[in-house]
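A.B. asks: So that we are looking at the same thing, I have put the structure below in structure tokens.
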Amino acid sequence: MSGTRTLCCHVTTATVSFAAFYLIVNMLILVDIIRMVSLDKEAFSVHYHESKATRSQRVFDISTTILMLVLMLISAVLVLFSKRKGPMFVLPFVLTMFVELSQSCLSLFDGAWGLPWTHKYREILQIVKSQRRVDRWNEEDIGQFTMEYSVLFMMVILLKVYVLNVSMRCFYALKAESMAAVSVDTGKTVTVKLPSYDVALKMKAQDTPPSYYEA
């Protein structure tokens, strides 16, 4: 993790910007989930073999989603104080980004492993079909949609990898600055109190050397 600059700014500034963006987006998602739950809407149901999720499954899904959003909000808020508090305030955000990236990659194998509040391939496909008011697509339309979804998905993955890399570099940069500041604050110098010229002439060879002390 070398270098303290990314694109056109410092890694600390970039990490704080990403944290502020995640803070706003996750806050909006959390408010939207709470609003839908208060209106008793089943917008976040888990699919098990094409069967409708039970009430307990929906409760578990919504509760874990809210818990993860709250943890992401806390980690993003801590980053905003990292410049004054030190590198440990960036570490929760780094871990959160690693978990989010891992879940995004796992969603390629099974949609249920993805992030709870993100739409999966099948869900987006159904949304597009409903908007176009068609029940079935031909092979050409399916291929076009799959290509567009794949490109968008890879761009999102690369963006998350970039954010994770920048946040880790920010952690090491703040850690290096903190260690440098500690070494300067605790550094000691040895000061020797030399005698005057007249006193030095009167001193004998067997006299004790001049005293010294640490400052």
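Identifiers for the structure tokens are assigned positionally: chains receive A, B, ... in sequence, residues are indexed from 1 per chain, and ligands are indexed from 1 in the order shown.
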Enumerate, in order of chain and increasing residue number, the residues of region 154-178 of chain A with an atom no farther than 7 Å from region 67-87 of chain A, each with its shortest atom pair and distance in Å to one decimal, counting only C-alpha atoms, as CSV.

C.D. replies:
```
residue,atom,partner,partner_atom,distance
A:Phe171,CA,A:Pro87,CA,5.1
A:Leu174,CA,A:Pro87,CA,5.1
A:Lys175,CA,A:Pro87,CA,5.4
A:Ser178,CA,A:Gly86,CA,6.9
```

A.B. asks: Residues of region 77-189 of chain A classed as helix (DSSP H, G or I) by DSSP on the backbone are to be reported as a PyMOL selection string.

C.D. replies: chain A and resi 77-79+82-85+87-89+91-106+111-113+121-132+139-185

A.B. asks: Env of Glu100 (chain A): 10 Å cut, atoms = only C-alpha atoms, seq-sep filter 4 positions within chain, self excluded. Answer as a PyMOL selection string.

C.D. replies: chain A and resi 68+72+94-96+104-106+114-115+157+160+164

A.B. asks: I'd like the interatomic distance between CA of Gln131 (chain A) and CA of Gly143 (chain A), to a tenth of an Å.

C.D. replies: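 About the pair CA of Gln131 (chain A) and CA of Gly143 (chain A): they are 17.9 Å apart.
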
A.B. asks: Which residues come within 7 Å of region 23-37 of chain A, counting only C-alpha atoms, excluding same-chain residues fewer than 2 positions away, as an mmCIF file with C-alpha atoms, in the first residue's frame?

C.D. replies:
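Dumped everything to around.cif:
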```
data_model
loop_
_atom_site.group_PDB
_atom_site.id
_atom_site.type_symbol
_atom_site.label_atom_id
_atom_site.label_comp_id
_atom_site.auth_asym_id
_atom_site.auth_seq_id
_atom_site.Cartn_x
_atom_site.Cartn_y
_atom_site.Cartn_z
ATOM 1 C CA ALA A 19 -17.575 7.672 3.523
ATOM 2 C CA ALA A 20 -19.799 10.746 3.204
ATOM 3 C CA PHE A 21 -21.333 9.305 0.030
ATOM 4 C CA LEU A 39 -46.629 0.785 5.630
ATOM 5 C CA ASP A 40 -46.590 -3.034 5.873
ATOM 6 C CA LYS A 41 -45.212 -3.568 2.390
ATOM 7 C CA ILE A 66 -31.259 -2.813 8.978
ATOM 8 C CA LEU A 69 -27.031 -0.603 7.249
ATOM 9 C CA LEU A 73 -23.535 4.124 8.880
ATOM 10 C CA ALA A 76 -18.867 5.894 7.698
#
```

A.B. asks: What's the separation between CA of Tyr149 (chain A) and CA of Ile124 (chain A), in Å to one decimal place?

C.D. replies: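 Going from CA of Tyr149 (chain A) over to CA of Ile124 (chain A) covers 9.0 Å.
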
A.B. asks: Rank A:Val59, A:Tyr121, A:Thr65, A:Ser107 by their smallest atom-to-atom distance to Met147 (chain A), using only C-alpha atoms, and report the top residue only.

C.D. replies: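 Closest candidate: A:Tyr121.
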
A.B. asks: Using only C-alpha atoms, pick whichever of A:Val90, A:Ile62, A:Glu140, A:Gln103 has the shortest atom-to-atom distance to Val16 (chain A).

C.D. replies: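 Checking each of A:Val90, A:Ile62, A:Glu140, A:Gln103 against Val16 (chain A), counting only C-alpha atoms, the winner is A:Val90.
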
A.B. asks: State, in Å with one decimal place, the distance from CA of Ser38 (chain A) to CA of Thr118 (chain A).

C.D. replies: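 CA of Ser38 (chain A) sits 20.0 Å away from CA of Thr118 (chain A).
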
A.B. asks: For Thr4 (chain A), which of A:Met155, A:Ala176, A:Ala181, A:Met88 is the closest residue, counting only C-alpha atoms?

C.D. replies: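 For Thr4 (chain A), the nearest of the given residues is A:Ala176.
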
A.B. asks: With only C-alpha atoms as the atoms that count, which of A:Gln144, A:Thr13, A:Ser150, A:Ser130 lies nearest to Ala173 (chain A)?

C.D. replies: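 Closest candidate: A:Thr13.
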
A.B. asks: Of the residues A:Met168, A:Asp141, A:Phe153, A:Lys120, which is the one nearest to Met97 (chain A), using only C-alpha atoms?

C.D. replies: A:Met168

A.B. asks: Point out the residue among A:Ala180, A:Leu125, A:Val166, A:Ser17 with the least atom-to-atom distance to Trp137 (chain A), counting only C-alpha atoms.

C.D. replies: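 Among the listed residues, A:Leu125 lies closest to Trp137 (chain A).
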